[in-house]
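Okay, so here's the structure we're looking at.
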Amino acid sequence: MKVQTQRRMVQRLIPAIKLIAGDFEDFGGKLLDHLLHARLEHSGVNFLGLPVSRVLDSTSDDGAVVAQYSAESDYFTAGMEKASGDITKALARRPDAKRILLIAAEEKRPIIADDFKKKVLQEDRMKGRSIGIFGAQSIAAWIVRNLLFNDAAIEELAEYLPELAQMRDEAASDLLFPKLPALHSPRPTVTAEIGRRLAVSPCLVLTGIGGCGKSEAATAFGVDAAKNYDLRIWLEPDEFKGAAALKALPLVRGGTKRNIATLLKRQRCLLVIDDPSGAVVQADLVALCGPGSHVLVTVRDITPGEYRLPELTQSEAQAILDGPVVQPQPCPAQVFQTIWATVGGHPLSFALMNAAVRNGATWEDIELDCQAVGQLADPQQRLADRLLDRYREVLKDELSLFEWVGKPECDYGFLRKAILPAGIRKLNERALTASDLPSTVRLHDVVFASLSSLDWWSAERRSRWNDVLERYLTETSGLNDLSFRTAAFSLRDRLRALVEAGDRRPAYVLALLEITSPEGSDALDLDDPVQQAAGLSTAGRPIDPLLFRTIIETFEWLYLRTKQVGRDEATAFAKGGLPLFNDLEKIVGLTPRQRSEIRHHRGKALAWIGLRNEAWKEFEAVLASAAPLDASRLQLMRGYKHAKENDKAIALGEEVMDSAEAEPGAVSPSVLLAVMQDMPWRVEVARTRILWPRQDFIVRTIVENASAGVEQAYKTLAAVARFWSKEAPEVLDGVLQAIPKPDTEQFEDDETRNGFADVMFEYGRSRGADGGEALKLALDLFEGATKSSPFNVQRKAELLIVMGRYPEAETILRAREDLETNGWLQRLLALALLGHGEPDEALVWIDRALSDAQCQSHFHEFWEHRYEIRTALGESEMIEDLRKACSLAPAGPIRDRLESVLKSPAVGANG
């Protein structure tokens, strides 16, 4: 019998079961007689059929099985008091009972019943016993599945359910093709796509997870395209034995025999093979089709040439949810968002929720049900079982990992190690995964949400995954790639839960330090690194390499965290931590690299407390050691840049980039990004020697890291974006198209927020009239920062000028204490004054800016501004300012643009 037919029958029986009322105990006894294939002793009713108190309703001869019935309308309310009393009564009368059946006429509420069952089974009195809880849905499904073709049972039960006899007769003359469900929600784009694909090939396989609507989509196509076929045939899973068997399969429907293979050849037939249990060879089915015939197959596993049904759009999901419901209002927006976040666009989930509301549930109930969505049920089975029960033996290990992770997505690299490529393929082949970033594997939302409703998981499995995670983090922590960070970021919730529960393995703590910003709101409960080092210094044994790194990284993280409180507090913390490095040096068996790490990080701590000369010596000693560190080159590069020794800074940065480009993995991503970020790009030689020749390498580094979720990549992009926007805007545009759009609300620190604001500013400026949205986002980011450096404030003022908001920019600039000595600010004030009609004062400020030698690298811009100001004043010979700008501009797009302006007729006329 067709699954759809079964479901319709079950739905017809449910309300009839509720109406049995006082005869329910008599009905229940007869039902169990047939289902258990044995006669029980029924004492719950007297010879008149009336309930008898203080006796058990039904009992097996040996007392092992006991049944209690209830027609009460509030049986499945919270606590299930009536059911609890029935269990007490059963055990009092039959202390040897092993199986207790609780059978109610009311529709079962799965979550309440499941919670009650778990609670009861934990009681001492239930040791060695089991219970079954059944409502109207289960009773109806029992009858339809097991008794519909049992005449004796039907005759007996029809006394209480008159519809049973009629349903049995209907089943005997089963229809060829199912009708659409009464609450069918059309998906015209899906129906049209099926038609389009069948026009290309006569056989099409529809794939997707259970409940995604494959069968309904096939039915909808058959109904919509009925006029195109002489005959439409539907085969259930157990009816299809392979394409060859169709040649000899007599299809019997309504007393008529039909040979399917012959029909496909001679008539225009649509054959739907629904969820076949065996393999399907499309070529064999194609060979059976004559002109105008088509075959649709619905399966869960991925198949070559498949049409994987798309998930619902939000509007389609809303239409299903707000179908005919007994509610004064449609689903509230906040409830819908909770549902959408839980199940995604899974059709069956929305249909089940609609059914629950039609049967009296409130939208608040539905929102709560999202906590255990797998418990939602149609009359035959829970959603979790519908989706996953058939995979219990095949995928228990793989799915247990996602249950342990605690969210639907997981890092691909870690999964590849944990469940092997074969495990990932098994998930993909069964259409349980959704498309996502190539670096992650993601289960469909509804699949993950259903895991909590399954009882497949064990403490032993979770402990094993803990160990696998530790091994993977240990292996990847020493690699100069993104594998350690991406795994830590993907598994951050699991890592935090483990550490907070007291599992402080160094690999776990180091991973959390890697991905938790000290400037963010997330706190870490960390051990005192100074005390740890002191204890290990006298232990007389080598230190675990990960513990060594964790102690140092903990100290630096805590320093940066303290810095958010105040500079004095941070300096005091750094001073108090200096003994840590002396203690680490006392540990036996240190490697040359570990000794270099100690000196390097001691140097950073010395710099934090203002002892820069001593810090400098530590960094130079590291570079002269047997294990030089690129991180020390970075620190020296920053020092040279600060001292205006740009040639030395560029040389050190170039060394790091040479090494990284020549040997991938030789330099850690964080150091490489920092070198690219802190290079003195304002100096033209840095751009001509490094930025332009290594442009592809720099772009690739930024894109790879941003795609992996490394926020530092956006800061690095900000450092080069202002030069790309003016000299190579197509490069900036390409990078922004390639990197994932960040969730700006989730930036953990103001440096990242301001950095991306800078990027958006330059991008918007490079797009001219089309850059309005980018400029607006940049301003929102600048204004959303809690703390901003003087440079960020300066950039905000420049942005306001570009946006034409001159008075606001002027207010910001005049408030700066360094306005009188800073040529960069003076140049911006001149532009703001020019913008709102004060060119006389603007000329004064641009002349002052041109006297600041610190701005020499951008004097070509300053002279161009002076030309614009003098043009506004109507002065003569201002073209000399433009010629000066051309002579100072770097070769390339900027100089080309200025020379083009200089040669234009308008300028020539003024010259």
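FYI, nothing fancy with the structure tokens labels: chains A, B, ... in order, residues from 1 per chain, ligands from 1 as they appear.
Summary of the local environment: counting only C-alpha atoms, residues at most 12 Å from His642 of chain A, other than itself and those fewer than 4 positions away along its chain, are Arg612, Gln635, Leu636, Met637, Arg638, Asn646, Asp647, Lys648, Ala649, Asp678, Met679 and Pro680 of chain A.
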Write the selection just made, keeping C-alpha atoms, as a short mmCIF file (atom, residue, chain, number, x, y, z; two decimals), in the first residue's frame?
```cif
data_model
loop_
_atom_site.label_atom_id
_atom_site.label_comp_id
_atom_site.auth_asym_id
_atom_site.auth_seq_id
_atom_site.Cartn_x
_atom_site.Cartn_y
_atom_site.Cartn_z
CA ARG A 612 63.43 48.99 24.40
CA GLN A 635 59.77 42.93 15.98
CA LEU A 636 62.99 44.45 14.64
CA MET A 637 61.19 45.49 11.44
CA ARG A 638 58.64 47.39 13.52
CA ASN A 646 62.78 52.31 6.52
CA ASP A 647 65.47 50.67 4.37
CA LYS A 648 66.33 48.29 7.21
CA ALA A 649 62.65 47.63 7.94
CA ASP A 678 53.45 46.66 9.18
CA MET A 679 55.62 47.14 6.11
CA PRO A 680 56.27 50.92 5.61
#
```
Which residues are near Cys410 of chain A? Cut-off 8 Å, only C-alpha atoms, ignore same chain within fewer than 2 positions. Put them as an mmCIF file with C-alpha atoms, in the first residue's frame.
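The resulting file, out.cif, is shown below:
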```cif
data_model
loop_
_atom_site.group_PDB
_atom_site.id
_atom_site.type_symbol
_atom_site.label_atom_id
_atom_site.label_comp_id
_atom_site.auth_asym_id
_atom_site.auth_seq_id
_atom_site.Cartn_x
_atom_site.Cartn_y
_atom_site.Cartn_z
ATOM 1 C CA PHE A 402 28.690 15.814 15.281
ATOM 2 C CA VAL A 405 30.902 18.698 18.501
ATOM 3 C CA LYS A 407 26.832 22.067 16.160
ATOM 4 C CA PRO A 408 26.087 21.102 12.540
ATOM 5 C CA TYR A 412 37.171 19.382 7.256
ATOM 6 C CA PHE A 414 39.810 17.442 11.704
ATOM 7 C CA LEU A 415 36.967 15.344 10.289
ATOM 8 C CA THR A 440 34.010 22.594 6.573
ATOM 9 C CA VAL A 441 31.540 19.730 6.435
ATOM 10 C CA ARG A 442 28.029 20.761 7.424
ATOM 11 C CA ALA A 487 40.160 23.345 13.784
ATOM 12 C CA SER A 490 35.435 25.295 14.290
ATOM 13 C CA LEU A 491 35.493 23.419 17.617
#
```
Members of segment 134-375 of chain A assigned helix (DSSP H, G or I) by DSSP, as a ChimeraX atom specification: /A:136-147,151-157,163-172,188-200,214-224,226-228,237-239,244-248,260-266,282-288,314-321,333-343,347-358,363-375
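Of the listed residues (A:Thr538, A:Thr303, A:Gln314, A:Gln737), A:Thr303 comes nearest to Gly208 of chain A; the distances count only C-alpha atoms.
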Test item: residues at most 12 Å from segment 872-879 of chain A, only C-alpha atoms, excluding those fewer than 2 positions along its chain, as a ChimeraX atom specification: /A:831,833-843,863-870,881-886,898-899,901-904,906-911
Test item, strand (DSSP E or B) assignment across segment 105-313 of chain A, answer as a VMD selection string: chain A and resid 130 to 134 203 to 207 231 to 235 250 to 253 256 to 259 269 to 274 294 to 299 307 to 308
What would the file look like if the residues just selected were written as a compact mmCIF listing (two decimals), in the first residue's frame with N, CA and C atoms?
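Saved result, selection-v3.txt, follows:
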```txt
# COMPACT_ATOMS: atom_id res chain seq x y z
N SER A 130 10.61 -2.58 31.30
CA SER A 130 10.47 -1.61 30.22
C SER A 130 9.02 -1.14 30.17
N ILE A 131 8.81 0.03 29.58
CA ILE A 131 7.45 0.55 29.43
C ILE A 131 7.25 1.00 27.99
N GLY A 132 6.02 0.90 27.55
CA GLY A 132 5.63 1.42 26.24
C GLY A 132 4.48 2.40 26.43
N ILE A 133 4.58 3.55 25.81
CA ILE A 133 3.55 4.58 25.95
C ILE A 133 2.96 4.84 24.57
N PHE A 134 1.65 4.66 24.42
CA PHE A 134 1.04 4.74 23.10
C PHE A 134 -0.19 5.63 23.15
N CYS A 203 14.79 9.62 -17.90
CA CYS A 203 14.88 9.12 -16.51
C CYS A 203 15.56 10.18 -15.65
N LEU A 204 14.94 10.49 -14.51
CA LEU A 204 15.50 11.49 -13.60
C LEU A 204 15.42 10.95 -12.18
N VAL A 205 16.51 11.13 -11.44
CA VAL A 205 16.56 10.70 -10.04
C VAL A 205 16.47 11.93 -9.15
N LEU A 206 15.46 11.96 -8.28
CA LEU A 206 15.31 13.03 -7.30
C LEU A 206 15.97 12.58 -6.00
N THR A 207 16.88 13.39 -5.47
CA THR A 207 17.59 13.00 -4.25
C THR A 207 17.41 14.05 -3.17
N LEU A 231 -0.93 7.06 -18.94
CA LEU A 231 -1.00 6.28 -17.71
C LEU A 231 0.10 6.75 -16.76
N ARG A 232 -0.26 6.83 -15.49
CA ARG A 232 0.72 7.18 -14.46
C ARG A 232 0.75 6.04 -13.44
N ILE A 233 1.94 5.54 -13.14
CA ILE A 233 2.09 4.36 -12.28
C ILE A 233 3.04 4.71 -11.13
N TRP A 234 2.68 4.25 -9.97
CA TRP A 234 3.49 4.50 -8.77
C TRP A 234 3.91 3.18 -8.16
N LEU A 235 5.22 2.98 -7.98
CA LEU A 235 5.73 1.77 -7.35
C LEU A 235 6.30 2.10 -5.97
N PRO A 250 3.63 -8.07 -13.50
CA PRO A 250 2.24 -7.72 -13.79
C PRO A 250 1.73 -6.78 -12.70
N LEU A 251 1.44 -5.58 -13.05
CA LEU A 251 0.93 -4.61 -12.09
C LEU A 251 -0.57 -4.82 -11.92
N VAL A 252 -1.00 -5.09 -10.70
CA VAL A 252 -2.41 -5.34 -10.43
C VAL A 252 -2.97 -4.16 -9.65
N ARG A 253 -3.91 -3.50 -10.24
CA ARG A 253 -4.58 -2.38 -9.57
C ARG A 253 -6.05 -2.43 -9.96
N THR A 256 -7.09 -5.16 -12.53
CA THR A 256 -6.55 -5.17 -13.89
C THR A 256 -5.05 -5.43 -13.85
N LYS A 257 -4.56 -6.33 -14.73
CA LYS A 257 -3.14 -6.63 -14.80
C LYS A 257 -2.48 -5.77 -15.88
N ARG A 258 -1.33 -5.22 -15.56
CA ARG A 258 -0.59 -4.41 -16.53
C ARG A 258 0.88 -4.78 -16.45
N ASN A 259 1.52 -4.96 -17.57
CA ASN A 259 2.95 -5.19 -17.62
C ASN A 259 3.65 -3.85 -17.78
N CYS A 269 3.75 6.84 -20.63
CA CYS A 269 3.61 6.51 -19.21
C CYS A 269 4.58 7.33 -18.36
N LEU A 270 4.11 7.68 -17.18
CA LEU A 270 4.99 8.23 -16.16
C LEU A 270 5.10 7.18 -15.07
N LEU A 271 6.29 6.65 -14.87
CA LEU A 271 6.54 5.66 -13.82
C LEU A 271 7.32 6.34 -12.70
N VAL A 272 6.78 6.31 -11.49
CA VAL A 272 7.49 6.83 -10.32
C VAL A 272 7.90 5.64 -9.46
N ILE A 273 9.18 5.52 -9.21
CA ILE A 273 9.70 4.47 -8.32
C ILE A 273 10.12 5.17 -7.03
N ASP A 274 9.35 4.98 -5.99
CA ASP A 274 9.53 5.75 -4.76
C ASP A 274 10.44 5.01 -3.78
N HIS A 294 8.35 8.52 -19.26
CA HIS A 294 9.40 9.02 -18.37
C HIS A 294 9.40 8.21 -17.08
N VAL A 295 10.57 8.17 -16.44
CA VAL A 295 10.70 7.50 -15.15
C VAL A 295 11.28 8.49 -14.14
N LEU A 296 10.62 8.63 -13.02
CA LEU A 296 11.12 9.42 -11.89
C LEU A 296 11.46 8.46 -10.76
N VAL A 297 12.65 8.61 -10.19
CA VAL A 297 13.07 7.77 -9.07
C VAL A 297 13.39 8.69 -7.90
N THR A 298 12.91 8.34 -6.70
CA THR A 298 13.24 9.13 -5.51
C THR A 298 14.13 8.30 -4.60
N VAL A 299 15.31 8.83 -4.28
CA VAL A 299 16.25 8.14 -3.39
C VAL A 299 16.90 9.18 -2.48
N TYR A 307 18.88 15.24 -9.47
CA TYR A 307 18.34 16.56 -9.17
C TYR A 307 18.10 16.56 -7.66
N ARG A 308 19.02 17.17 -6.94
CA ARG A 308 18.86 17.24 -5.49
C ARG A 308 17.88 18.36 -5.16
```
Interatomic distance (Å, one decimal) between atom CA of Gly665 of chain A and atom CA of Asn754 of chain A: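 One can read the atom CA of Gly665 of chain A to atom CA of Asn754 of chain A distance as 29.2 Å.
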